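Here's upload_32.cif, which has mmCIF, C-alpha atoms:
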data_data
#
loop_
_atom_site.label_atom_id
_atom_site.label_comp_id
_atom_site.auth_asym_id
_atom_site.auth_seq_id
_atom_site.Cartn_x
_atom_site.Cartn_y
_atom_site.Cartn_z
CA MET A 13 8.66 -44.41 14.84
CA ARG A 14 9.83 -45.69 11.49
CA ASN A 15 6.34 -45.21 10.15
CA LEU A 16 6.33 -41.68 11.38
CA ILE A 17 9.63 -40.91 9.64
CA ARG A 18 8.38 -42.55 6.47
CA PHE A 19 5.22 -40.49 6.70
CA LEU A 20 7.21 -37.27 7.12
CA ALA A 21 9.57 -38.13 4.27
CA LYS A 22 6.74 -39.04 1.97
CA ASN A 23 4.93 -35.78 2.59
CA SER A 24 7.97 -33.57 2.91
CA PHE A 25 6.71 -31.36 0.09
CA VAL A 26 3.44 -30.68 1.88
CA PHE A 27 5.23 -30.01 5.15
CA LEU A 28 7.66 -27.62 3.50
CA PHE A 29 4.67 -25.84 1.99
CA LEU A 30 2.92 -25.61 5.36
CA PHE A 31 6.12 -24.43 7.00
CA LEU A 32 6.71 -21.65 4.47
CA GLN A 33 3.05 -20.69 4.59
CA PHE A 34 3.31 -20.52 8.37
CA ILE A 35 6.27 -18.13 8.15
CA ALA A 36 4.38 -16.01 5.65
CA PHE A 37 1.40 -15.80 7.97
CA VAL A 38 3.53 -14.93 10.97
CA LEU A 39 5.03 -12.10 8.92
CA LEU A 40 1.58 -11.06 7.80
CA VAL A 41 0.06 -10.95 11.27
CA LYS A 42 3.11 -9.38 12.82
CA ASN A 43 3.05 -6.80 10.10
CA ASN A 44 -0.47 -5.89 11.10
CA ASN A 45 0.96 -4.14 14.15
CA TYR A 46 2.74 -1.92 11.79
CA GLN A 47 5.35 -0.93 14.32
CA ASN A 48 6.84 -4.41 14.17
CA SER A 49 7.69 -4.28 10.52
CA LYS A 50 10.80 -2.26 11.11
CA PHE A 51 13.03 -4.38 8.96
CA PHE A 52 11.33 -5.33 5.75
CA ASN A 53 9.28 -2.27 4.95
CA SER A 54 10.06 0.31 2.37
CA SER A 55 12.06 2.44 4.74
CA ASN A 56 14.43 -0.46 4.35
CA PHE A 57 17.74 1.04 3.31
CA LEU A 58 18.32 -0.52 -0.08
CA ILE A 59 14.85 -0.21 -1.50
CA GLY A 60 14.43 3.21 0.06
CA ASN A 61 17.46 4.41 -1.85
CA LEU A 62 16.27 2.77 -5.04
CA TYR A 63 12.95 4.57 -4.77
CA ALA A 64 14.77 7.82 -4.01
CA SER A 65 16.76 7.63 -7.23
CA VAL A 66 13.71 6.71 -9.29
CA ASN A 67 11.96 9.65 -7.75
CA ASN A 68 14.77 11.97 -8.64
CA ILE A 69 13.84 11.28 -12.24
CA ASN A 70 10.11 11.45 -11.68
CA ASP A 71 10.45 14.85 -10.02
CA TYR A 72 11.40 16.44 -13.31
CA PHE A 73 8.05 15.55 -14.78
CA ASN A 74 6.23 17.32 -11.98
CA LEU A 75 8.34 20.47 -11.96
CA LYS A 76 5.78 22.63 -13.66
CA GLU A 77 2.99 21.73 -11.30
CA VAL A 78 5.17 21.94 -8.19
CA ASN A 79 6.34 25.38 -9.24
CA ALA A 80 2.78 26.56 -9.57
CA GLN A 81 1.95 25.10 -6.18
CA LEU A 82 4.96 26.74 -4.56
CA ALA A 83 4.15 30.08 -6.09
CA GLU A 84 0.62 29.83 -4.79
CA GLU A 85 1.86 28.93 -1.36
CA ASN A 86 4.39 31.76 -1.39
CA ALA A 87 1.61 34.15 -2.14
CA LYS A 88 -0.42 32.80 0.71
CA LEU A 89 2.49 33.09 3.14
CA LYS A 90 3.26 36.59 1.99
CA THR A 91 -0.20 37.70 2.89
CA GLN A 92 0.38 36.35 6.35
CA SER A 93 3.85 37.78 6.91
CA ILE A 94 4.38 40.80 9.12
CA PRO A 95 4.99 43.43 6.41
CA SER A 96 1.56 42.75 5.01
CA PHE A 97 -0.12 43.84 8.23
CA THR A 98 -0.36 47.47 9.17
CA LYS A 99 0.33 48.28 12.77
CA ILE A 100 -2.59 49.63 14.73
CA PHE A 101 -1.27 52.50 16.78
CA GLY A 102 -2.99 53.56 19.87
CA SER A 103 -5.18 50.53 20.28
CA THR A 104 -4.79 47.85 22.90
CA VAL A 105 -3.68 45.31 20.30
CA GLU A 106 0.01 44.66 20.61
CA VAL A 107 2.06 42.15 18.70
CA ASN A 108 4.52 40.61 21.08
CA ASP A 109 6.31 37.46 20.10
CA THR A 110 6.87 36.28 23.64
CA VAL A 111 3.14 35.90 24.02
CA TYR A 112 3.15 33.12 21.47
CA LEU A 113 4.49 29.73 22.35
CA GLN A 114 5.32 27.81 19.21
CA LYS A 115 2.89 24.95 18.94
CA TYR A 116 3.63 23.28 15.63
CA GLN A 117 6.85 22.86 13.78
CA TYR A 118 6.93 21.84 10.12
CA THR A 119 9.56 19.83 8.32
CA SER A 120 9.36 19.72 4.56
CA ALA A 121 9.82 16.29 2.97
CA ARG A 122 9.68 14.69 -0.42
CA VAL A 123 7.45 11.72 -1.24
CA ILE A 124 9.61 8.97 -2.69
CA ASN A 125 7.06 6.16 -2.77
CA ASN A 126 3.30 6.26 -2.78
CA SER A 127 0.37 3.93 -3.27
CA THR A 128 -3.36 4.48 -3.59
CA ASN A 129 -4.68 1.17 -4.84
CA ARG A 130 -4.45 -1.06 -1.79
CA ARG A 131 -6.66 -1.45 1.20
CA THR A 132 -3.73 -0.27 3.30
CA ASN A 133 -1.83 2.50 1.58
CA TYR A 134 1.54 3.85 2.66
CA LEU A 135 3.92 6.59 1.57
CA THR A 136 7.65 6.76 2.05
CA LEU A 137 9.25 10.15 2.74
CA ASP A 138 12.89 11.14 2.51
CA LYS A 139 13.15 12.43 6.08
CA GLY A 140 13.88 10.18 9.04
CA ALA A 141 15.12 9.97 12.61
CA LEU A 142 18.18 12.07 11.75
CA ASN A 143 15.81 14.93 10.88
CA GLY A 144 13.99 14.57 14.17
CA ILE A 145 11.03 12.64 12.78
CA LYS A 146 9.25 10.35 15.21
CA ALA A 147 6.37 7.91 14.90
CA ASP A 148 2.81 9.31 15.17
CA MET A 149 3.62 12.73 13.76
CA GLY A 150 1.09 14.09 11.28
CA VAL A 151 1.82 14.67 7.62
CA ILE A 152 0.06 17.35 5.58
CA SER A 153 0.55 19.05 2.25
CA SER A 154 -0.43 22.52 1.17
CA ASP A 155 -3.72 21.04 -0.05
CA GLY A 156 -4.71 18.99 2.98
CA VAL A 157 -4.05 16.01 5.25
CA ILE A 158 -1.85 13.15 4.08
CA GLY A 159 -1.36 10.69 6.94
CA ILE A 160 0.50 9.67 10.08
CA VAL A 161 4.16 8.66 10.39
CA LYS A 162 4.38 4.99 11.36
CA ASN A 163 7.94 3.73 11.04
CA VAL A 164 11.13 5.75 11.04
CA SER A 165 14.58 4.71 9.92
CA ASP A 166 17.63 6.98 9.91
CA ASN A 167 16.91 8.62 6.57
CA PHE A 168 13.37 7.63 5.66
CA CYS A 169 9.99 7.32 7.24
CA SER A 170 6.90 5.45 6.12
CA VAL A 171 3.55 7.11 6.49
CA MET A 172 0.14 5.51 6.92
CA SER A 173 -1.89 7.35 4.33
CA VAL A 174 -5.40 8.69 4.92
CA LEU A 175 -6.23 6.03 2.33
CA HIS A 176 -5.87 3.28 4.91
CA GLU A 177 -8.86 1.55 6.37
CA LYS A 178 -7.51 1.88 9.90
CA ASN A 179 -6.62 5.54 9.66
CA LYS A 180 -9.42 7.63 11.14
CA VAL A 181 -9.12 11.39 10.98
CA SER A 182 -10.96 13.54 13.47
CA ALA A 183 -12.74 16.03 11.21
CA LYS A 184 -15.21 18.88 11.56
CA ILE A 185 -17.40 20.96 9.35
CA LYS A 186 -15.65 24.26 8.92
CA ASN A 187 -18.43 26.64 9.85
CA SER A 188 -20.61 24.69 12.25
CA GLU A 189 -17.82 23.11 14.34
CA TYR A 190 -19.64 19.78 14.54
CA PHE A 191 -17.04 17.04 14.50
CA GLY A 192 -17.00 13.46 13.32
CA SER A 193 -14.68 10.80 12.11
CA LEU A 194 -13.42 10.50 8.54
CA VAL A 195 -12.82 6.98 7.24
CA TRP A 196 -11.68 5.91 3.80
CA GLU A 197 -13.23 2.85 2.25
CA LEU A 198 -11.55 0.85 -0.44
CA GLY A 199 -12.40 1.80 -3.96
CA ASP A 200 -12.12 5.39 -4.97
CA TYR A 201 -9.01 7.23 -3.79
CA ARG A 202 -10.81 10.55 -4.21
CA GLU A 203 -13.61 9.97 -1.69
CA ALA A 204 -14.10 9.10 1.95
CA LYS A 205 -16.97 8.83 4.42
CA LEU A 206 -17.56 11.26 7.24
CA MET A 207 -19.34 9.64 10.16
CA TYR A 208 -21.07 10.69 13.39
CA ILE A 209 -22.44 14.03 12.22
CA PRO A 210 -25.81 14.23 14.06
CA ASN A 211 -29.01 14.62 12.03
CA HIS A 212 -29.93 18.10 13.29
CA VAL A 213 -26.91 19.78 11.69
CA LYS A 214 -27.64 21.71 8.51
CA LEU A 215 -25.44 20.55 5.67
CA HIS A 216 -24.86 21.76 2.13
CA VAL A 217 -23.12 20.10 -0.74
CA GLY A 218 -19.74 21.79 -1.06
CA ASP A 219 -19.26 22.51 2.66
CA THR A 220 -15.60 22.40 3.62
CA ILE A 221 -14.36 19.68 5.96
CA VAL A 222 -11.23 20.42 7.99
CA THR A 223 -9.30 18.67 10.75
CA SER A 224 -10.62 19.21 14.26
CA GLY A 225 -7.25 19.35 15.98
CA TYR A 226 -8.50 17.07 18.75
CA SER A 227 -6.27 14.17 17.88
CA SER A 228 -2.98 16.01 18.57
CA VAL A 229 -1.70 14.73 15.23
CA TYR A 230 -2.79 17.44 12.82
CA PRO A 231 -3.16 21.13 13.59
CA GLU A 232 -6.70 22.45 13.62
CA GLY A 233 -8.20 23.60 10.35
CA VAL A 234 -6.11 21.67 7.84
CA PRO A 235 -8.40 21.12 4.84
CA ILE A 236 -9.58 17.59 4.10
CA GLY A 237 -12.15 18.06 1.39
CA THR A 238 -15.66 19.13 0.59
CA ILE A 239 -19.02 17.43 0.98
CA LYS A 240 -19.86 15.70 -2.28
CA GLU A 241 -23.20 14.27 -1.25
CA PHE A 242 -25.06 13.40 1.93
CA GLU A 243 -28.18 11.58 2.95
CA LEU A 244 -30.03 10.81 6.14
CA PRO A 245 -30.92 7.12 6.29
CA GLU A 246 -34.38 6.67 7.79
CA GLY A 247 -34.40 5.99 11.52
CA ASN A 248 -30.75 6.94 11.81
CA ASN A 249 -29.28 9.60 14.06
CA PHE A 250 -26.27 10.27 11.89
CA TYR A 251 -25.80 11.47 8.36
CA ASN A 252 -24.22 9.41 5.66
CA ILE A 253 -21.74 11.87 4.15
CA THR A 254 -19.41 11.39 1.21
CA VAL A 255 -16.43 13.71 1.21
CA GLN A 256 -14.35 14.54 -1.82
CA PHE A 257 -10.68 14.92 -0.88
CA SER A 258 -9.00 18.23 -1.60
CA VAL A 259 -5.68 16.43 -2.08
CA ASP A 260 -5.04 14.35 -5.16
CA TYR A 261 -3.27 11.42 -3.52
CA LYS A 262 -1.88 10.26 -6.81
CA LYS A 263 0.06 13.44 -7.39
CA LEU A 264 1.94 13.96 -4.13
CA SER A 265 5.48 15.21 -4.27
CA HIS A 266 6.24 17.66 -1.46
CA VAL A 267 4.67 17.40 1.98
CA PHE A 268 5.19 18.73 5.50
CA ILE A 269 5.69 16.65 8.62
CA VAL A 270 4.03 18.28 11.61
CA LYS A 271 5.56 18.19 15.02
CA TYR A 272 3.17 19.12 17.80
CA LYS A 273 5.43 20.52 20.49
CA GLN A 274 3.09 20.14 23.44
CA LYS A 275 1.87 16.70 22.48
CA GLU A 276 3.36 14.88 25.43
CA GLU A 277 2.02 17.43 27.83
CA GLN A 278 -1.47 17.11 26.40
CA GLN A 279 -1.44 13.34 26.39
CA LYS A 280 -0.08 13.12 29.89
CA LEU A 281 -2.81 15.40 31.17
CA GLU A 282 -5.53 13.49 29.36
CA ALA A 283 -4.23 10.16 30.62
CA LEU A 284 -4.18 11.51 34.16
CA THR A 285 -7.78 12.70 33.93
CA GLU A 286 -8.92 9.39 32.56
CA GLU A 287 -7.09 7.52 35.27
CA GLU A 288 -8.73 9.55 37.99
CA ASN A 289 -12.11 8.96 36.45
CA GLY A 290 -11.47 5.25 36.48
CA HIS A 291 -10.99 5.18 40.26
CA MET B 29 23.45 -25.36 -17.31
CA VAL B 30 25.26 -22.34 -15.89
CA ILE B 31 23.91 -20.20 -18.72
CA GLU B 32 20.41 -21.38 -17.85
CA ILE B 33 20.86 -20.37 -14.22
CA VAL B 34 22.25 -16.95 -15.18
CA LYS B 35 19.29 -16.49 -17.51
CA TYR B 36 16.85 -17.24 -14.70
CA VAL B 37 18.64 -14.95 -12.26
CA VAL B 38 18.60 -12.10 -14.77
CA SER B 39 14.92 -12.61 -15.57
CA PHE B 40 14.20 -12.77 -11.81
CA ILE B 41 15.82 -9.38 -11.28
CA LEU B 42 14.17 -7.86 -14.35
CA LEU B 43 10.72 -9.12 -13.38
CA VAL B 44 11.08 -7.92 -9.79
CA LEU B 45 12.23 -4.46 -10.86
CA PHE B 46 9.53 -4.24 -13.51
CA GLN B 47 6.90 -5.24 -10.98
CA GLY B 48 8.18 -3.12 -8.12
CA LEU B 49 8.96 0.08 -9.98
CA ILE B 50 6.47 0.14 -12.83
CA LEU B 51 3.57 -2.28 -12.53
CA ASN B 52 2.87 -1.45 -8.88
CA ASN B 53 2.05 2.06 -10.03
CA ILE B 54 -0.38 0.92 -12.67
CA GLU B 55 -3.99 0.89 -11.65
CA LEU B 56 -6.67 0.32 -14.18
CA GLY B 57 -10.12 1.52 -13.22
CA GLY B 58 -9.03 2.47 -9.72
CA TYR B 59 -7.85 -0.77 -8.23
CA ILE B 60 -7.00 -3.37 -10.84
CA ASN B 61 -3.35 -4.23 -10.50
CA PRO B 62 -1.45 -6.67 -12.77
CA TYR B 63 1.10 -8.90 -11.05
CA LEU B 64 3.39 -10.05 -13.80
CA TYR B 65 6.07 -11.35 -11.44
CA VAL B 66 4.23 -14.68 -11.13
CA LEU B 67 5.47 -15.37 -14.66
CA PHE B 68 8.77 -16.38 -13.09
CA ILE B 69 7.14 -19.29 -11.26
CA LEU B 70 5.12 -20.19 -14.36
CA ALA B 71 8.24 -20.39 -16.49
CA LEU B 72 10.42 -22.61 -14.26
CA PRO B 73 11.37 -25.96 -15.84
CA VAL B 74 8.94 -28.83 -15.31
CA GLU B 75 11.55 -31.13 -13.83
CA MET B 76 12.83 -28.69 -11.25
CA PRO B 77 12.39 -30.32 -7.80
CA LYS B 78 9.15 -29.18 -6.24
CA TRP B 79 10.75 -28.02 -3.02
CA ILE B 80 13.15 -25.72 -4.87
CA VAL B 81 10.17 -24.13 -6.62
CA LEU B 82 8.57 -23.56 -3.21
CA ILE B 83 11.68 -21.87 -1.85
CA ILE B 84 12.10 -19.73 -4.97
CA ALA B 85 8.46 -18.70 -4.63
CA PHE B 86 9.05 -17.79 -0.99
CA VAL B 87 12.05 -15.61 -1.83
CA LEU B 88 10.27 -14.00 -4.78
CA GLY B 89 7.27 -13.19 -2.59
CA LEU B 90 9.49 -11.70 0.12
CA VAL B 91 11.23 -9.42 -2.37
CA ILE B 92 7.95 -8.24 -3.88
CA ASP B 93 6.56 -7.72 -0.38
CA SER B 94 9.45 -5.54 0.64
CA PHE B 95 8.67 -3.29 -2.32
CA THR B 96 5.08 -2.80 -1.22
CA SER B 97 5.55 -2.99 2.59
CA THR B 98 2.97 -5.75 2.75
CA MET B 99 5.11 -8.33 4.50
CA GLY B 100 3.83 -11.87 4.03
CA MET B 101 1.01 -11.17 1.61
CA HIS B 102 2.69 -11.87 -1.70
CA THR B 103 4.92 -14.43 -0.02
CA SER B 104 1.95 -16.47 1.09
CA ALA B 105 0.15 -16.23 -2.24
CA THR B 106 3.23 -17.09 -4.30
CA VAL B 107 4.11 -20.08 -2.11
CA PHE B 108 0.54 -21.29 -2.47
CA MET B 109 0.80 -20.92 -6.21
CA ALA B 110 4.07 -22.89 -6.34
CA PHE B 111 2.43 -25.59 -4.25
CA SER B 112 -0.55 -25.87 -6.58
CA ARG B 113 1.75 -25.83 -9.60
CA ALA B 114 3.29 -29.19 -8.63
CA TYR B 115 -0.14 -30.86 -8.63
CA LEU B 116 -1.36 -29.05 -11.72
CA LEU B 117 1.70 -30.16 -13.69
CA LYS B 118 1.03 -33.74 -12.66
CA LEU B 119 -2.63 -33.38 -13.60
CA MET B 120 -1.91 -31.83 -16.98
CA ALA B 121 0.96 -34.13 -17.96
CA PRO B 122 0.67 -35.19 -21.60
CA ARG B 123 0.29 -38.87 -22.39
CA GLY B 124 3.70 -40.47 -21.95
CA GLY B 125 4.93 -37.72 -19.65
CA TYR B 126 6.81 -34.53 -20.28
CA GLU B 127 9.73 -34.36 -22.66
CA PHE B 128 13.20 -34.15 -21.23
CA ASN B 129 14.01 -30.60 -20.16
CA ALA B 130 10.46 -29.39 -20.83
CA LYS B 131 9.60 -25.81 -19.96
CA PRO B 132 6.05 -24.55 -19.73
CA GLY B 133 5.55 -22.25 -22.71
CA ILE B 134 3.37 -21.83 -25.77
CA GLN B 135 6.11 -23.09 -28.03
CA MET B 136 6.74 -26.34 -26.26
CA MET B 137 3.33 -27.26 -24.89
CA GLY B 138 0.91 -25.64 -27.30
CA ILE B 139 -1.45 -22.71 -26.84
CA ALA B 140 -4.40 -24.59 -25.33
CA TRP B 141 -2.25 -26.25 -22.72
CA TYR B 142 -0.46 -23.04 -21.80
CA VAL B 143 -3.63 -20.92 -21.56
CA MET B 144 -5.17 -23.48 -19.22
CA TYR B 145 -2.01 -23.78 -17.14
CA ALA B 146 -1.38 -20.05 -16.80
CA ALA B 147 -5.03 -19.16 -16.22
CA ILE B 148 -5.50 -21.66 -13.38
CA LEU B 149 -2.29 -20.73 -11.58
CA VAL B 150 -2.69 -16.97 -11.96
CA LEU B 151 -6.29 -17.16 -10.81
CA LEU B 152 -5.30 -19.20 -7.75
CA HIS B 153 -2.52 -16.76 -6.93
CA HIS B 154 -4.75 -13.71 -7.28
CA LEU B 155 -7.65 -15.26 -5.35
CA PHE B 156 -5.31 -16.07 -2.49
CA LEU B 157 -3.64 -12.67 -2.63
CA PHE B 158 -6.76 -10.53 -2.69
CA TYR B 159 -8.60 -12.50 -0.03
CA ILE B 160 -5.58 -12.37 2.27
CA GLU B 161 -5.36 -8.66 1.64
CA SER B 162 -8.98 -8.07 2.62
CA PHE B 163 -8.77 -10.73 5.36
CA LYS B 164 -12.53 -10.90 5.70
CA LEU B 165 -15.48 -12.04 3.67
CA THR B 166 -17.73 -9.02 4.10
CA GLN B 167 -16.56 -7.54 0.82
CA PHE B 168 -16.75 -10.88 -0.92
CA PHE B 169 -18.02 -9.68 -4.27
CA SER B 170 -15.90 -6.58 -4.66
CA THR B 171 -12.81 -8.65 -3.84
CA PHE B 172 -13.95 -11.30 -6.30
CA PHE B 173 -14.35 -8.70 -9.00
CA ARG B 174 -10.89 -7.35 -8.29
CA THR B 175 -9.47 -10.86 -8.52
CA ILE B 176 -11.10 -11.67 -11.82
CA SER B 177 -10.22 -8.39 -13.49
CA SER B 178 -6.63 -8.39 -12.22
CA THR B 179 -6.24 -12.01 -13.31
CA PHE B 180 -7.31 -11.01 -16.78
CA PHE B 181 -4.70 -8.27 -17.04
CA THR B 182 -1.91 -10.37 -15.56
CA LEU B 183 -2.68 -13.14 -18.06
CA LEU B 184 -2.72 -10.65 -20.89
CA MET B 185 0.78 -9.51 -19.93
CA VAL B 186 1.98 -13.09 -19.48
CA PHE B 187 0.88 -13.88 -23.03
CA ILE B 188 2.47 -10.76 -24.41
CA VAL B 189 5.79 -11.71 -22.84
CA GLN B 190 5.33 -15.24 -24.21
CA LEU B 191 4.81 -13.90 -27.71
CA PHE B 192 8.04 -11.93 -27.49
CA THR B 193 10.05 -14.99 -26.50
CA LEU B 194 8.34 -16.94 -29.29
CA LYS B 195 9.57 -14.50 -31.89
CA THR B 196 13.16 -14.37 -30.70
CA ASN B 197 13.32 -18.15 -30.58
CA GLN B 198 12.06 -18.51 -34.09
CA LYS B 199 14.70 -16.15 -35.40
CA SER B 200 17.58 -18.04 -33.89
#

Using structure tokens, write down the structure from this file.
Amino acid sequence: MRNLIRFLAKNSFVFLFLFLQFIAFVLLVKNNNYQNSKFFNSSNFLIGNLYASVNNINDYFNLKEVNAQLAEENAKLKTQSIPSFTKIFGSTVEVNDTVYLQKYQYTSARVINNSTNRRTNYLTLDKGALNGIKADMGVISSDGVIGIVKNVSDNFCSVMSVLHEKNKVSAKIKNSEYFGSLVWELGDYREAKLMYIPNHVKLHVGDTIVTSGYSSVYPEGVPIGTIKEFELPEGNNFYNITVQFSVDYKKLSHVFIVKYKQKEEQQKLEALTEEENGH
Amino acid sequence: MVIEIVKYVVSFILLVLFQGLILNNIELGGYINPYLYVLFILALPVEMPKWIVLIIAFVLGLVIDSFTSTMGMHTSATVFMAFSRAYLLKLMAPRGGYEFNAKPGIQMMGIAWYVMYAAILVLLHHLFLFYIESFKLTQFFSTFFRTISSTFFTLLMVFIVQLFTLKTNQKS
């Protein structure tokens, strides 16, 4: 016993090291289920507020660009608004609002922290639970997809960026409707790989890639990027496609959080079908 | 003594803010990221008890981690660095031991000694950090390249900061 105590005392430095390292690893592994990192992430109150005030300053530098973007978007919306359509009298087409059930609801948010250089990139937005934001909602900007909400605090939420090795986006080629899975690989924040597009599909460089809408996170048809290059490895059934993002992830400032109103209904139905298949 | 502690606390806060708000946004060539905050561990006095250095490293890592939402990553790497520092200091002790109240720095220990000391510790820290981040060996070489290039830039900044302190000390 005395020897044991002497041994412990003699190596106390090593044991302290191992102990601290153990805590660090527990944090690390726990943090890998990102939901568990509620406390110490950047939606953390103090640091969230610090980022918010730094961003207040940074916003001034982007004003010019944001203005241009807003003007462009305004123009786009104007073309879609009711006064820009002429009514067709006498035909069977009738615009009746009660026919449409609202499917998606958008909340505008500001990006107050952003990263593009890690293997796992996150953004922090200035909207949180008090604004009705929940985990697993999609985030898009006027240029394309951004990511998925992971953690929510009262006033902030942190978003798993598309630039995250575990974030797969269900994507399709705009005209041919063939869908695959878009995965970002570490390195260039401007490019990603599109997988599972079968080899009989005709592709062209410059084809637009949009979201498929299957995942119930993003609406259908949100732009992702364009095909930069593609090749068909010999003996392979699927193309090897490199996609250039339409969003510049280094220049994000205003984004929209998407709420899919019938999400629960869809998921419940799909779960039920799968369950029945299982039996 | 109290002034020393205040000095360290202030430099801790400054380094953390500088790292969290400015350096984390700097990426050279896509993914090279300098981590100047390790300078704090480098600069602690030689005689400081080893276990205090470990605990400081742990706290420093936690704070940096909460800036980047990468809980545990920097903590683990910084603790590892503090652990290696104890042995490195023993290994690199000058003949006859360190002077009383010695602090690792170019001024006190000489350029050759300091370059060696800083390079080894920063490299160890970055190796640990980047391999924990990737958590697998499939991208061994790209991770290795990241480590080496980031180490280079961190060291560059460490030396720049050292040169500044050198000048102010000479004036006084």

Exercise answer, chain B residues close to chain A, 9 Å and all atoms listed in the file, as an MDAnalysis selection string: chainID B and resid 49 52:55 58:61 78:79 82:83 86 90 93:105 107:108 110:111 161:162

What separates CA of Ile139 in chain B and CA of Gly124 in chain B is a distance of 19.1 Å

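Atom pair CA of Tyr226 in chain A / CA of Phe250 in chain A has a distance of 20.2 Å (rounded to one decimal).
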
Enumerate, as number ranges by chain, the residues matched when the PyMOL selection byres ((chain A and resi 236) around 7) is run on the file above. A: 156-157, 221-223, 234-235, 237, 257-258

Taking only C-alpha atoms into account, name the residue in A:Thr238, A:Asn163, A:Thr119, A:Asn143 that is nearest to Lys184 in chain A.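 For Lys184 in chain A, the nearest of the candidates is A:Thr238.
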
What do you get, as an MDAnalysis selection string, if you spell out every residue that the PyMOL selection byres ((chain A and resi 205-214) around 9) selects here? chainID A and resid 183:184 188 190:197 203:204 215:216 239 244 248:256

Just C-alpha atoms for this one: save the residues we selected as an mmCIF file, in the frame of the given file.
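Output file selection-v6.cif is given in full below:
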data_model
loop_
_atom_site.group_PDB
_atom_site.id
_atom_site.type_symbol
_atom_site.label_atom_id
_atom_site.label_comp_id
_atom_site.auth_asym_id
_atom_site.auth_seq_id
_atom_site.Cartn_x
_atom_site.Cartn_y
_atom_site.Cartn_z
ATOM 1 C CA ALA A 183 -12.740 16.030 11.210
ATOM 2 C CA LYS A 184 -15.210 18.880 11.560
ATOM 3 C CA SER A 188 -20.610 24.690 12.250
ATOM 4 C CA TYR A 190 -19.640 19.780 14.540
ATOM 5 C CA PHE A 191 -17.040 17.040 14.500
ATOM 6 C CA GLY A 192 -17.000 13.460 13.320
ATOM 7 C CA SER A 193 -14.680 10.800 12.110
ATOM 8 C CA LEU A 194 -13.420 10.500 8.540
ATOM 9 C CA VAL A 195 -12.820 6.980 7.240
ATOM 10 C CA TRP A 196 -11.680 5.910 3.800
ATOM 11 C CA GLU A 197 -13.230 2.850 2.250
ATOM 12 C CA GLU A 203 -13.610 9.970 -1.690
ATOM 13 C CA ALA A 204 -14.100 9.100 1.950
ATOM 14 C CA LEU A 215 -25.440 20.550 5.670
ATOM 15 C CA HIS A 216 -24.860 21.760 2.130
ATOM 16 C CA ILE A 239 -19.020 17.430 0.980
ATOM 17 C CA LEU A 244 -30.030 10.810 6.140
ATOM 18 C CA ASN A 248 -30.750 6.940 11.810
ATOM 19 C CA ASN A 249 -29.280 9.600 14.060
ATOM 20 C CA PHE A 250 -26.270 10.270 11.890
ATOM 21 C CA TYR A 251 -25.800 11.470 8.360
ATOM 22 C CA ASN A 252 -24.220 9.410 5.660
ATOM 23 C CA ILE A 253 -21.740 11.870 4.150
ATOM 24 C CA THR A 254 -19.410 11.390 1.210
ATOM 25 C CA VAL A 255 -16.430 13.710 1.210
ATOM 26 C CA GLN A 256 -14.350 14.540 -1.820
#

For a test of reading the model, state the distance in Å between CA of Thr171 in chain B and CA of Val87 in chain B, rounded to one decimal.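 If I compute the distance from CA of Thr171 in chain B to CA of Val87 in chain B, I get 25.9 Å.
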
For Thr193 in chain B, the nearest of the candidates B:Ile176, B:Met136, B:Val143, B:Glu32, counting only C-alpha atoms: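 For Thr193 in chain B, the nearest of the candidates is B:Met136.
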
Nearest to Val259 in chain A among A:Leu16, A:Pro245, A:Gly159, A:Glu276, with distances taken over all atoms listed in the file: which residue is it?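 Smallest separation from Val259 in chain A among the options: A:Gly159.
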
Once the PyMOL selection byres ((chain A and resi 265-274) around 8) has been evaluated on this model, what residues remain selected, and can you format them as a ChimeraX atom specification? /A:71,78,114-124,145,149-154,228-231,263-264,275-278

Give me the residues within 10 Å of Gly133 in chain B as an NGL selection string, counting only C-alpha atoms and dropping any in the same chain fewer than 6 places off. :B and (70-73 or 139 or 141-143 or 145-146 or 187 or 190-191 or 193-194)

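The smallest atom-to-atom distance between Phe68 in chain B and any of B:Ala85, B:Ile50, B:Met185, B:Ile80, using only C-alpha atoms, is found for B:Ala85.
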
If we count all atoms listed in the file, what is near Phe180 in chain B at a cut-off of 9 Å, once residues fewer than 5 positions away on the same chain are taken out, given as JSON, numbers by chain? {"B": [62, 147, 150, 151, 175, 185]}

What lies within 10 Å of Phe172 in chain B using only C-alpha atoms, ignoring chain neighbours under 5 positions off, as a VMD selection string? chain B and resid 154 to 155 158 to 159 167 177 to 178

B:Ile41, B:Leu149, B:Ala140, B:Ala130 ranked by distance to Tyr115 in chain B, top pick (using only C-alpha atoms): B:Leu149
